[in-house]
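Visitor: For reference, this is data32.cif, and it has mmCIF, C-alpha atoms and all ligand atoms.
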```cif
data_data
loop_
_atom_site.label_atom_id
_atom_site.label_comp_id
_atom_site.auth_asym_id
_atom_site.auth_seq_id
_atom_site.Cartn_x
_atom_site.Cartn_y
_atom_site.Cartn_z
CA MET A 1 13.00 183.54 12.10
CA LYS A 2 15.67 182.59 14.59
CA ASN A 3 18.92 181.12 13.36
CA GLU A 4 18.51 177.70 14.96
CA GLU A 5 15.02 177.49 13.57
CA LEU A 6 16.35 178.27 10.11
CA ILE A 7 18.94 175.53 10.42
CA THR A 8 16.38 173.01 11.57
CA ARG A 9 14.11 173.90 8.66
CA ARG A 10 17.01 173.60 6.23
CA GLN A 11 17.95 170.25 7.68
CA ILE A 12 14.39 169.01 7.33
CA LEU A 13 14.25 170.23 3.73
CA LEU A 14 17.59 168.62 2.91
CA ALA A 15 16.55 165.38 4.56
CA GLY A 16 13.37 165.53 2.49
CA ILE A 17 15.20 166.15 -0.78
CA THR A 18 17.66 163.37 -0.04
CA SER A 19 14.86 160.93 0.67
CA VAL A 20 13.02 161.95 -2.51
CA GLY A 21 16.27 161.37 -4.41
CA GLY A 22 16.60 158.01 -2.70
CA LEU A 23 13.06 157.05 -3.60
CA LEU A 24 13.62 158.11 -7.20
CA LEU A 25 16.93 156.25 -7.47
CA SER A 26 15.14 153.18 -6.32
CA GLY A 27 12.73 153.88 -9.20
CA CYS A 28 12.89 150.27 -10.25
CA SER A 29 11.54 149.39 -6.83
CA LYS A 30 8.08 147.88 -6.88
CA ASN A 31 7.00 150.53 -4.36
CA LEU A 32 6.97 153.17 -7.06
CA PRO A 33 4.79 153.22 -10.16
CA PRO A 34 6.54 152.62 -13.49
CA THR A 35 7.44 155.66 -15.62
CA TYR A 36 7.91 153.80 -18.93
CA GLY A 37 10.78 156.23 -19.55
CA ASN A 38 8.20 159.01 -20.10
CA VAL A 39 9.30 162.42 -18.77
CA LEU A 40 5.78 163.40 -17.68
CA ARG A 41 5.38 160.17 -15.77
CA MET A 42 8.79 160.71 -14.15
CA ALA A 43 7.51 164.09 -12.98
CA ASP A 44 4.44 162.33 -11.52
CA THR A 45 6.73 160.02 -9.57
CA PHE A 46 8.69 163.01 -8.34
CA THR A 47 5.50 164.78 -7.16
CA TYR A 48 4.33 161.59 -5.53
CA SER A 49 7.61 161.00 -3.71
CA ALA A 50 7.84 164.65 -2.65
CA HIS A 51 4.28 164.59 -1.26
CA ARG A 52 4.92 161.41 0.67
CA VAL A 53 8.23 162.61 2.09
CA LEU A 54 7.55 166.29 2.74
CA LEU A 55 3.88 166.55 3.68
CA PRO A 56 2.83 165.76 7.22
CA GLY A 57 1.12 162.40 7.60
CA GLU A 58 -2.64 162.35 7.26
CA SER A 59 -3.21 166.09 7.01
CA LEU A 60 -6.87 166.63 6.23
CA VAL A 61 -8.28 168.65 3.34
CA LYS A 62 -10.46 171.60 4.27
CA GLU A 63 -14.03 170.74 5.18
CA TYR A 64 -16.80 173.26 4.44
CA SER A 65 -20.16 174.07 5.96
CA HIS A 66 -23.64 173.38 4.56
CA ARG A 67 -23.99 176.89 3.17
CA ASP A 68 -20.97 176.31 0.92
CA ILE A 69 -22.59 173.39 -0.92
CA SER A 70 -22.79 174.22 -4.63
CA SER A 71 -24.38 172.79 -7.73
CA PHE A 72 -22.45 169.73 -8.88
CA PRO A 73 -22.41 168.51 -12.49
CA ALA A 74 -22.12 164.80 -13.22
CA THR A 75 -19.31 164.10 -15.65
CA GLY A 76 -17.58 161.20 -17.38
CA THR A 77 -19.76 158.12 -17.25
CA THR A 78 -23.25 158.99 -16.01
CA ASN A 79 -24.67 155.47 -16.31
CA PRO A 80 -22.55 152.35 -16.96
CA CYS A 81 -25.45 150.61 -18.78
CA ASP A 82 -26.25 153.56 -21.04
CA PRO A 83 -27.17 151.92 -24.38
CA ASN A 84 -25.19 154.63 -26.18
CA LYS A 85 -21.97 153.48 -24.56
CA PRO A 86 -19.72 151.22 -26.69
CA ARG A 87 -20.11 148.38 -24.15
CA PRO A 88 -23.12 149.05 -21.89
CA ASN A 89 -22.76 147.03 -18.68
CA GLN A 90 -25.86 144.83 -18.45
CA ILE A 91 -24.92 143.53 -15.00
CA TYR A 92 -25.03 147.08 -13.70
CA GLY A 93 -28.39 147.51 -15.45
CA GLU A 94 -29.80 144.49 -13.57
CA LEU A 95 -28.48 145.73 -10.23
CA GLN A 96 -29.91 149.17 -10.87
CA ARG A 97 -33.38 147.75 -11.73
CA ASN A 98 -33.42 146.07 -8.31
CA ASN A 99 -32.34 149.27 -6.56
CA PHE A 100 -28.92 147.71 -5.82
CA ALA A 101 -30.39 145.18 -3.35
CA ASP A 102 -28.18 142.47 -4.95
CA TRP A 103 -25.12 144.69 -5.34
CA ARG A 104 -22.02 143.55 -3.46
CA ILE A 105 -18.50 144.89 -3.41
CA SER A 106 -15.70 142.38 -3.06
CA VAL A 107 -12.51 142.87 -1.07
CA GLU A 108 -9.79 140.55 -2.32
CA GLY A 109 -6.04 140.10 -2.52
CA LEU A 110 -3.68 140.48 0.42
CA VAL A 111 -6.27 140.17 3.18
CA GLN A 112 -6.88 137.48 5.75
CA LYS A 113 -10.62 137.37 5.06
CA PRO A 114 -11.47 138.02 1.42
CA GLY A 115 -15.20 138.50 0.98
CA SER A 116 -17.93 140.85 -0.13
CA HIS A 117 -20.26 143.44 1.38
CA SER A 118 -23.78 144.46 0.44
CA LEU A 119 -24.83 148.09 0.53
CA ALA A 120 -26.71 147.37 3.79
CA ASP A 121 -23.51 145.83 5.28
CA LEU A 122 -21.57 149.00 4.46
CA LYS A 123 -24.31 151.25 5.85
CA ARG A 124 -24.16 149.37 9.15
CA LEU A 125 -20.47 150.24 9.61
CA PRO A 126 -19.52 153.53 11.35
CA SER A 127 -19.85 156.34 8.82
CA ARG A 128 -18.12 159.61 8.13
CA THR A 129 -19.74 162.72 6.64
CA GLN A 130 -17.61 165.45 5.09
CA ILE A 131 -18.27 168.57 3.03
CA THR A 132 -15.38 168.92 0.60
CA ARG A 133 -14.39 170.54 -2.65
CA HIS A 134 -14.10 168.32 -5.71
CA THR A 135 -11.56 169.60 -8.23
CA CYS A 136 -11.77 168.20 -11.73
CA GLU A 137 -8.72 168.20 -13.96
CA GLU A 138 -10.86 169.92 -16.60
CA GLY A 139 -10.88 173.08 -14.52
CA TRP A 140 -14.13 173.15 -12.57
CA SER A 141 -14.70 172.57 -8.89
CA ALA A 142 -17.79 172.01 -6.75
CA ILE A 143 -18.61 171.44 -3.10
CA ALA A 144 -20.81 168.65 -1.76
CA GLU A 145 -21.47 166.70 1.39
CA TRP A 146 -20.48 163.05 1.22
CA THR A 147 -21.41 160.23 3.59
CA GLY A 148 -19.82 156.83 3.58
CA VAL A 149 -17.69 154.30 5.35
CA PRO A 150 -13.97 154.99 5.64
CA LEU A 151 -12.06 152.66 3.31
CA SER A 152 -9.66 152.05 6.21
CA ARG A 153 -12.54 150.51 8.19
CA VAL A 154 -13.36 148.07 5.37
CA LEU A 155 -9.72 147.14 4.82
CA GLU A 156 -9.07 146.67 8.51
CA SER A 157 -12.11 144.43 8.91
CA ALA A 158 -10.76 142.28 6.06
CA GLY A 159 -7.44 142.04 7.93
CA MET A 160 -4.67 143.35 5.71
CA LEU A 161 -1.54 141.24 5.41
CA PRO A 162 1.79 142.87 6.34
CA ASN A 163 2.98 143.15 2.72
CA ALA A 164 -0.13 145.13 1.63
CA ARG A 165 1.02 148.37 -0.08
CA PHE A 166 -1.44 149.35 -2.78
CA VAL A 167 -5.18 149.12 -3.35
CA SER A 168 -6.65 148.57 -6.81
CA LEU A 169 -10.20 149.69 -7.54
CA TYR A 170 -12.45 148.47 -10.36
CA SER A 171 -15.71 149.98 -11.57
CA TYR A 172 -18.75 148.91 -13.58
CA ASP A 173 -17.67 151.21 -16.40
CA GLU A 174 -14.32 149.39 -16.62
CA TRP A 175 -12.07 151.82 -14.85
CA ASP A 176 -9.06 150.22 -13.18
CA ASP A 177 -7.12 152.42 -10.79
CA CYS A 178 -4.60 152.03 -8.00
CA ILE A 179 -3.90 154.08 -4.88
CA ASP A 180 -1.20 153.66 -2.27
CA MET A 181 -1.86 152.59 1.32
CA PHE A 182 -1.28 156.13 2.59
CA ASP A 183 -4.26 157.42 0.59
CA ALA A 184 -6.30 154.28 1.16
CA LEU A 185 -6.06 154.63 4.94
CA HIS A 186 -6.46 158.43 4.99
CA PRO A 187 -9.36 159.36 7.31
CA GLN A 188 -11.18 161.29 4.56
CA THR A 189 -10.97 158.44 2.03
CA ILE A 190 -14.46 157.01 2.11
CA LEU A 191 -16.69 154.64 0.16
CA ALA A 192 -19.52 157.13 -0.25
CA TYR A 193 -23.17 156.06 -0.54
CA GLY A 194 -24.69 159.44 0.31
CA MET A 195 -24.42 162.86 -1.32
CA ASN A 196 -25.97 165.98 0.21
CA GLY A 197 -28.04 163.87 2.62
CA ARG A 198 -29.53 161.54 -0.04
CA ASP A 199 -28.58 158.23 -1.57
CA LEU A 200 -25.90 158.68 -4.21
CA THR A 201 -27.62 159.02 -7.60
CA ILE A 202 -26.67 157.03 -10.69
CA PRO A 203 -25.01 159.98 -12.48
CA HIS A 204 -22.78 160.51 -9.44
CA GLY A 205 -21.71 156.87 -9.12
CA ALA A 206 -24.41 154.81 -7.36
CA PRO A 207 -24.48 152.84 -5.26
CA ILE A 208 -20.93 153.53 -4.05
CA ARG A 209 -18.13 155.77 -5.22
CA LEU A 210 -14.77 156.52 -3.77
CA ARG A 211 -14.06 159.95 -2.29
CA LEU A 212 -10.32 160.46 -2.41
CA GLU A 213 -10.07 164.01 -1.19
CA ARG A 214 -6.32 164.47 -1.43
CA GLN A 215 -6.25 163.96 -5.20
CA LEU A 216 -7.91 165.45 -8.29
CA GLY A 217 -11.48 164.44 -9.13
CA TYR A 218 -10.78 161.61 -11.53
CA LYS A 219 -9.25 159.55 -8.73
CA SER A 220 -12.65 159.47 -6.97
CA MET A 221 -13.92 156.42 -8.81
CA LYS A 222 -17.65 156.07 -9.36
CA TYR A 223 -19.63 152.77 -9.67
CA LEU A 224 -17.24 150.73 -7.52
CA GLN A 225 -17.29 146.99 -8.10
CA ARG A 226 -14.18 145.40 -6.67
CA ILE A 227 -11.30 146.24 -4.30
CA VAL A 228 -8.02 144.35 -4.48
CA VAL A 229 -5.22 144.78 -1.94
CA ARG A 230 -1.78 144.35 -3.49
CA GLU A 231 1.89 144.41 -2.73
CA ASP A 232 2.89 145.87 -6.10
CA PHE A 233 1.60 148.88 -7.95
CA ASN A 234 -0.80 147.86 -10.71
CA ASP A 235 -1.09 150.23 -13.67
CA GLY A 236 -4.46 148.90 -14.80
CA GLY A 237 -3.22 148.15 -18.32
CA LEU A 238 -5.42 149.54 -21.08
CA ASN A 239 -8.15 150.45 -18.57
CA GLY A 240 -5.72 152.29 -16.27
CA SER A 241 -4.89 155.97 -16.11
CA ILE A 242 -1.22 155.75 -17.12
CA GLN A 243 -1.76 154.05 -20.47
CA ASN A 244 -4.57 156.51 -21.18
CA GLY A 245 -2.17 159.42 -20.74
CA TRP A 246 -3.28 160.48 -17.26
CA ALA A 247 -1.07 160.87 -14.23
CA TRP A 248 -1.36 158.06 -11.72
CA TYR A 249 -0.79 160.45 -8.83
CA VAL A 250 -2.53 163.85 -8.80
CA GLY A 251 -2.19 164.92 -5.19
CA ILE A 252 -3.63 168.26 -4.08
N1 LIG B 1 -16.05 155.04 -12.79
C1 LIG B 1 -15.86 156.33 -13.08
N2 LIG B 1 -15.38 157.15 -12.12
C2 LIG B 1 -15.18 158.46 -12.37
C3 LIG B 1 -15.42 159.00 -13.65
C4 LIG B 1 -15.93 158.12 -14.65
O1 LIG B 1 -16.21 158.51 -15.80
N3 LIG B 1 -16.13 156.79 -14.31
N4 LIG B 1 -15.14 160.33 -13.92
C5 LIG B 1 -14.18 160.96 -13.00
C6 LIG B 1 -14.06 162.39 -13.14
S1 LIG B 1 -13.04 162.99 -14.37
C7 LIG B 1 -14.63 163.25 -12.26
S2 LIG B 1 -14.37 164.92 -12.33
C8 LIG B 1 -15.58 162.74 -11.26
C9 LIG B 1 -16.94 163.27 -11.59
O2 LIG B 1 -17.84 162.96 -10.57
P1 LIG B 1 -19.32 163.47 -10.74
O3 LIG B 1 -19.87 162.84 -11.99
O4 LIG B 1 -20.03 163.05 -9.50
O5 LIG B 1 -19.23 164.96 -10.89
O6 LIG B 1 -15.67 161.33 -11.21
C10 LIG B 1 -14.52 160.65 -11.55
N5 LIG B 1 -14.73 159.25 -11.36
MO MO B 2 -12.68 165.12 -13.85
#
```
The structure given in the file should be rewritten as structure tokens.
Ligand SMILES: Nc1nc2c(c(=O)[nH]1)N[C@H]1C(S)=C(S)[C@@H](COP(=O)(O)O)O[C@H]1N2
Ligand SMILES: [Mo]

Guide:
Amino acid sequence: MKNEELITRRQILLAGITSVGGLLLSGCSKNLPPTYGNVLRMADTFTYSAHRVLLPGESLVKEYSHRDISSFPATGTTNPCDPNKPRPNQIYGELQRNNFADWRISVEGLVQKPGSHSLADLKRLPSRTQITRHTCEEGWSAIAEWTGVPLSRVLESAGMLPNARFVSLYSYDEWDDCIDMFDALHPQTILAYGMNGRDLTIPHGAPIRLRLERQLGYKSMKYLQRIVVREDFNDGGLNGSIQNGWAWYVGI
């Protein structure tokens, strides 16, 4: 490596570290998730800040070919209205009985045109198909082809307001999660309705699940119900990842 190149790299690294420090110092800023004074959560914030500062914007995860597609277990909730669940979701049960013809996803919060979309509405929008590797925090990974509408497309059609910074997602099995605008607008972040060329099945999150390829598997929320655009980070309270002991940011 040439000397000037070394210097430039060092400068970039230093600039990065300084900005991460800056972001962390402004830890009380509403642009960063709360740490509740917990060391693990402080480390999450550090990883998050470092990813945002040091990684090139919108770099894509690797996409595979059809021959790489593997078997894919369904985990976590495999049906929100399962009678064995503590609180089976009857509304989901009704929607499922009607093959999701009455299902709608709402887009609310900091948008010019709050509203809702049916499955048919979403399927009419330009789609993206990607073959990616899903990595679960429990240690397994699997490859599948996903088809859906980029979340950016849906947010842009709703007209985001200038102070929009985070996107909260809610599911029929009562998950409440939040992602930042960088991930929300990433080209591989899609609202997926197809898996391996077929409609998404109930165990895998029908009718629509998120595919958030730059984070671990649990951020790809199944059974989506509602999308809320926000200015502040929302930890999801008792239904959110942080208060359940999970990292809010698990970038890969
Ligand atoms: N709503 C909801 N989303 C969820 C889960 C869940 O239980 N409920 N499990 C998560 C976890 S831990 C993983 S690994 C993947 C599993 O997706 P799969 O069931 O299609 O394999 O979904 C994620 N999204
Ligand atoms: Mo997972």

Visitor: Could you tell me how far atom CA of A:Gly237 lies from atom CA of A:Lys113, in Å and to one decimal?

Guide: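 About the pair atom CA of A:Gly237 and atom CA of A:Lys113: they are 26.8 Å apart.
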
Visitor: Given only C-alpha atoms and all ligand atoms as the basis, pick out the residue of A:Asp82, A:Glu174, A:Asp44, A:Glu63 nearest to ligand LIG 1 (chain B).

Guide: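 Nearest candidate to ligand LIG 1 (chain B) out of A:Asp82, A:Glu174, A:Asp44, A:Glu63: A:Glu174.
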
Visitor: For ligand MO 2 (chain B), list the contacting residues at 12 Å or closer, counting all atoms listed in the file, as a PyMOL selection string.

Guide: chain A and resi 72-77+134-142+204+215-222+246+250

Visitor: Check the smallest atom-to-atom distance from each of A:Pro162, A:Pro207, A:Gly148, A:Gly251 to A:Phe100 using all atoms listed in the file, then report the winner.

Guide: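 Distance minimum relative to A:Phe100 lands on A:Pro207.
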
Visitor: As a list of chain:residue names, please: the residues near A:Arg41 (cut-off 10 Å, only C-alpha atoms, same-chain neighbours under 5 positions excluded).

Guide: A:Pro33, A:Pro34, A:Thr35, A:Tyr36, A:Phe46, A:Thr47, A:Ile242, A:Gly245, A:Trp246, A:Ala247, A:Trp248, A:Tyr249

Visitor: Can you write out the residues you just picked, keeping C-alpha atoms, as a JSON list (two decimals), in the coordinates of the input?

Guide:
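So the final result, stored in part_14.json, reads:
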```json
[["chain", "number", "residue", "atom", "x", "y", "z"],
["A", 33, "PRO", "CA", 4.79, 153.22, -10.16],
["A", 34, "PRO", "CA", 6.54, 152.62, -13.49],
["A", 35, "THR", "CA", 7.44, 155.66, -15.62],
["A", 36, "TYR", "CA", 7.91, 153.80, -18.93],
["A", 46, "PHE", "CA", 8.69, 163.01, -8.34],
["A", 47, "THR", "CA", 5.50, 164.78, -7.16],
["A", 242, "ILE", "CA", -1.22, 155.75, -17.12],
["A", 245, "GLY", "CA", -2.17, 159.42, -20.74],
["A", 246, "TRP", "CA", -3.28, 160.48, -17.26],
["A", 247, "ALA", "CA", -1.07, 160.87, -14.23],
["A", 248, "TRP", "CA", -1.36, 158.06, -11.72],
["A", 249, "TYR", "CA", -0.79, 160.45, -8.83]]
```

Visitor: Mind pulling up the distance from atom CA of A:Arg104 to atom CA of A:Ile91?

Guide: 11.9 Å

Visitor: Leaving out A:Gly109 and any residue of its chain fewer than 4 positions from it, which residues lie within 9 Å of it when counting all atoms listed in the file, given as a list in words?

Guide: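 Skipping anything fewer than 4 positions along the chain leaves Pro114, Met160, Ala164, Ile227, Val228, Val229 and Arg230 of chain A.
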
Visitor: Would you mind listing what lies within 7 Å of A:Ile208 as a list of chain:residue names, with all atoms listed in the file counted and same-chain residues fewer than 5 positions away left out?

Guide: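 My reading of the contact set: A:Leu191, A:Ala192, A:Tyr193, A:Lys222, A:Tyr223, A:Leu224.
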
Visitor: Let me make sure I understand: among A:Thr147, A:Ala158, A:Arg153, A:Phe233, which one has the smallest atom-to-atom distance to A:Leu32 if we use only C-alpha atoms?

Guide: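 Selected residue with least distance to A:Leu32: A:Phe233.
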
Visitor: Atom CA of A:Arg209 and atom CA of A:Thr129, how far apart in Å?

Guide: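 Going from atom CA of A:Thr129 over to atom CA of A:Arg209, I get 13.8 Å.
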
Visitor: Between A:Arg52, A:Gln112, A:Ile179, A:Ala144, which is the closest to A:Ser241 once you count all atoms listed in the file?

Guide: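 Among the listed residues, the smallest separation from A:Ser241 belongs to A:Ile179.
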
Visitor: Which residue is closest to A:Arg97? Choose from A:Val61, A:Leu169, A:Ile202, A:Leu210 and count only C-alpha atoms.

Guide: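 Of all the options, A:Ile202 lies closest to A:Arg97.
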
Visitor: From the options A:Ser127, A:Asn234, A:Asn38, A:Ser70, which residue's atoms come nearest to ligand LIG 1 (chain B), counting all atoms listed in the file?

Guide: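 Counting all atoms listed in the file, the residue closest to ligand LIG 1 (chain B) is A:Ser70.
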
Visitor: Contacts of A:Asn31 at 9 Å or less, counting all atoms listed in the file, minus same-chain residues fewer than 6 places along, as a list in words?

Guide: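 Listed by chain and then number, they are Leu23, Arg165, Phe166, Glu231, Asp232 and Phe233 of chain A.
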